[in-house]
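A short write-up of the structure that comes next.
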Amino acid sequence: TLLELLGEPIPEGLHGQSRVDVLRGEATLHDNDVFMMHNGIGDRDLGNPLINTMNDLPWRSVVTADRWKLNLCAGDQCELFDLNADPIEEHNLFNDPTYRDRIRLMAAKIRLWQHKVGDDAPLPSV
């Protein structure tokens with residue numbers, strides 16, 4: 001997006017997609033899920049060996065265009081946040097049975113994305 005706004009050439013193989021059309025009001029982000037991966041290994045020293053071990057676990061996340069964020073980790077507590085009601089992610093809804101179907105759907109999106117990009121990080125069963 002920034003490269004296009006600056007009129008610069010976009011390098012081949014660069015991940016992502018320009019969203020200038022959204023800024024110009026020509027498109028929306030209605031169906032734009034954003035996927036994230038955190039591998040953490042050797043990432044940083046947080047001052048505590050136990051915390052460092054937990055930080056070294058792989059996490060996979062998706063943020064949906066309609067406000068939800070799901071963080072999955074095979075070795076730690078997973079997280080679900082309603083970003084409209086809780087933008088600073090303080091209230092984890094993952095264990096609330098009300099959201100079980102939403103979690104399954106979002107986890108399936110992460111798995112499909114993993115398949116598409118060749119990511120083999122383990123995910124918990126949900």
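Each chain of the structure tokens is named A, B, ... in the order shown, its residues numbered from 1; ligands are numbered from 1 in display order.
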Restrict the calculation to only C-alpha atoms, then for each residue of segment 5-43 of chain A with any atom at most 7 Å from an atom of segment 56-76 of chain A give the closest atom pair and their distance in Å to one decimal, rows by chain and rising residue number, as JSON lines.
```
{"residue": "A:Leu29", "atom": "CA", "partner": "A:Ala65", "partner_atom": "CA", "distance": 6.3}
{"residue": "A:His30", "atom": "CA", "partner": "A:Ala65", "partner_atom": "CA", "distance": 5.8}
{"residue": "A:Asp31", "atom": "CA", "partner": "A:Ala65", "partner_atom": "CA", "distance": 6.0}
{"residue": "A:Asn32", "atom": "CA", "partner": "A:Ala65", "partner_atom": "CA", "distance": 5.4}
{"residue": "A:Asp33", "atom": "CA", "partner": "A:Thr64", "partner_atom": "CA", "distance": 4.5}
{"residue": "A:Val34", "atom": "CA", "partner": "A:Val63", "partner_atom": "CA", "distance": 5.2}
{"residue": "A:Phe35", "atom": "CA", "partner": "A:Val62", "partner_atom": "CA", "distance": 4.5}
{"residue": "A:Met36", "atom": "CA", "partner": "A:Ser61", "partner_atom": "CA", "distance": 5.0}
{"residue": "A:Met37", "atom": "CA", "partner": "A:Arg60", "partner_atom": "CA", "distance": 4.7}
{"residue": "A:His38", "atom": "CA", "partner": "A:Trp59", "partner_atom": "CA", "distance": 5.1}
{"residue": "A:Asn39", "atom": "CA", "partner": "A:Pro58", "partner_atom": "CA", "distance": 4.4}
{"residue": "A:Gly40", "atom": "CA", "partner": "A:Asp56", "partner_atom": "CA", "distance": 4.6}
{"residue": "A:Ile41", "atom": "CA", "partner": "A:Asp56", "partner_atom": "CA", "distance": 4.5}
```
Selection export as a PDB file, in the first residue's frame, atoms kept: C-alpha atoms:
```pdb
ATOM      1  CA  LEU A  29     -12.213  -4.820   3.873  1.00  0.00           C
ATOM      2  CA  HIS A  30     -15.479  -6.721   4.298  1.00  0.00           C
ATOM      3  CA  ASP A  31     -13.962 -10.158   3.683  1.00  0.00           C
ATOM      4  CA  ASN A  32     -10.341  -9.481   4.609  1.00  0.00           C
ATOM      5  CA  ASP A  33      -9.050 -11.913   7.214  1.00  0.00           C
ATOM      6  CA  VAL A  34      -5.506 -11.225   8.402  1.00  0.00           C
ATOM      7  CA  PHE A  35      -3.323 -14.176   9.411  1.00  0.00           C
ATOM      8  CA  MET A  36      -0.282 -13.970  11.662  1.00  0.00           C
ATOM      9  CA  MET A  37       2.442 -16.337  12.764  1.00  0.00           C
ATOM     10  CA  HIS A  38       4.742 -16.025  15.742  1.00  0.00           C
ATOM     11  CA  ASN A  39       7.521 -18.594  16.035  1.00  0.00           C
ATOM     12  CA  GLY A  40       9.383 -16.812  18.818  1.00  0.00           C
ATOM     13  CA  ILE A  41      12.334 -19.172  18.992  1.00  0.00           C
TER      14      ILE A  41
END
```
Restrict the calculation to only C-alpha atoms, then for each residue of segment 17-91 of chain A with any atom at most 8 Å from an atom of segment 1-13 of chain A give the closest atom pair and their distance in Å to one decimal, rows by chain and rising residue number, as CSV.
```
residue,atom,partner,partner_atom,distance
A:Gln17,CA,A:Thr1,CA,7.1
A:Ser18,CA,A:Thr1,CA,4.1
A:Arg19,CA,A:Thr1,CA,5.3
A:Val20,CA,A:Thr1,CA,5.6
```
(request) Pull the strand (DSSP E) assignments for segment 61-97 of chain A out of DSSP run on the backbone, and list those residues as a PyMOL selection string. (result) chain A and resi 61-63+68-72+79-82
Just to be explicit: take each residue in the selection above, keep C-alpha atoms, and write the result as a PDB file, in the first residue's frame.
```pdb
ATOM      1  CA  SER A  61      -3.673 -16.057  14.708  1.00  0.00           C
ATOM      2  CA  VAL A  62      -6.445 -14.684  12.567  1.00  0.00           C
ATOM      3  CA  VAL A  63      -8.178 -11.321  12.825  1.00  0.00           C
ATOM      4  CA  TRP A  68     -12.732 -11.101  16.137  1.00  0.00           C
ATOM      5  CA  LYS A  69      -9.186 -12.265  16.926  1.00  0.00           C
ATOM      6  CA  LEU A  70      -8.283 -15.900  17.609  1.00  0.00           C
ATOM      7  CA  ASN A  71      -4.820 -16.902  18.855  1.00  0.00           C
ATOM      8  CA  LEU A  72      -3.983 -20.623  18.816  1.00  0.00           C
ATOM      9  CA  GLU A  79      -7.341 -16.787  23.163  1.00  0.00           C
ATOM     10  CA  LEU A  80     -10.413 -15.262  21.554  1.00  0.00           C
ATOM     11  CA  PHE A  81     -11.070 -11.535  21.712  1.00  0.00           C
ATOM     12  CA  ASP A  82     -13.930  -9.331  20.538  1.00  0.00           C
TER      13      ASP A  82
END
```
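Atom CA of Val22 of chain A to atom CA of Pro87 of chain A spans 21.9 Å [interatomic distance, one decimal].
As for atom CA of Tyr99 of chain A and atom CA of Leu112 of chain A, they are spaced 20.1 Å apart.
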(message) To test your reading of the structure, identify every residue in chain A that backbone DSSP assigns to alpha helix (DSSP H), and report it as number ranges by chain.
(response) A: 2-6, 20-23, 49-55, 100-117
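Using only C-alpha atoms for every distance, the candidate list A:Leu105, A:Ile51, A:Ile110, A:Leu14 yields A:Ile110 as the residue closest to Leu123 of chain A.
Restricting the calculation to only C-alpha atoms, the smallest distance between Gln77 of chain A and any of A:Pro124, A:Met106, A:His91, A:Trp113 is found for A:Pro124.
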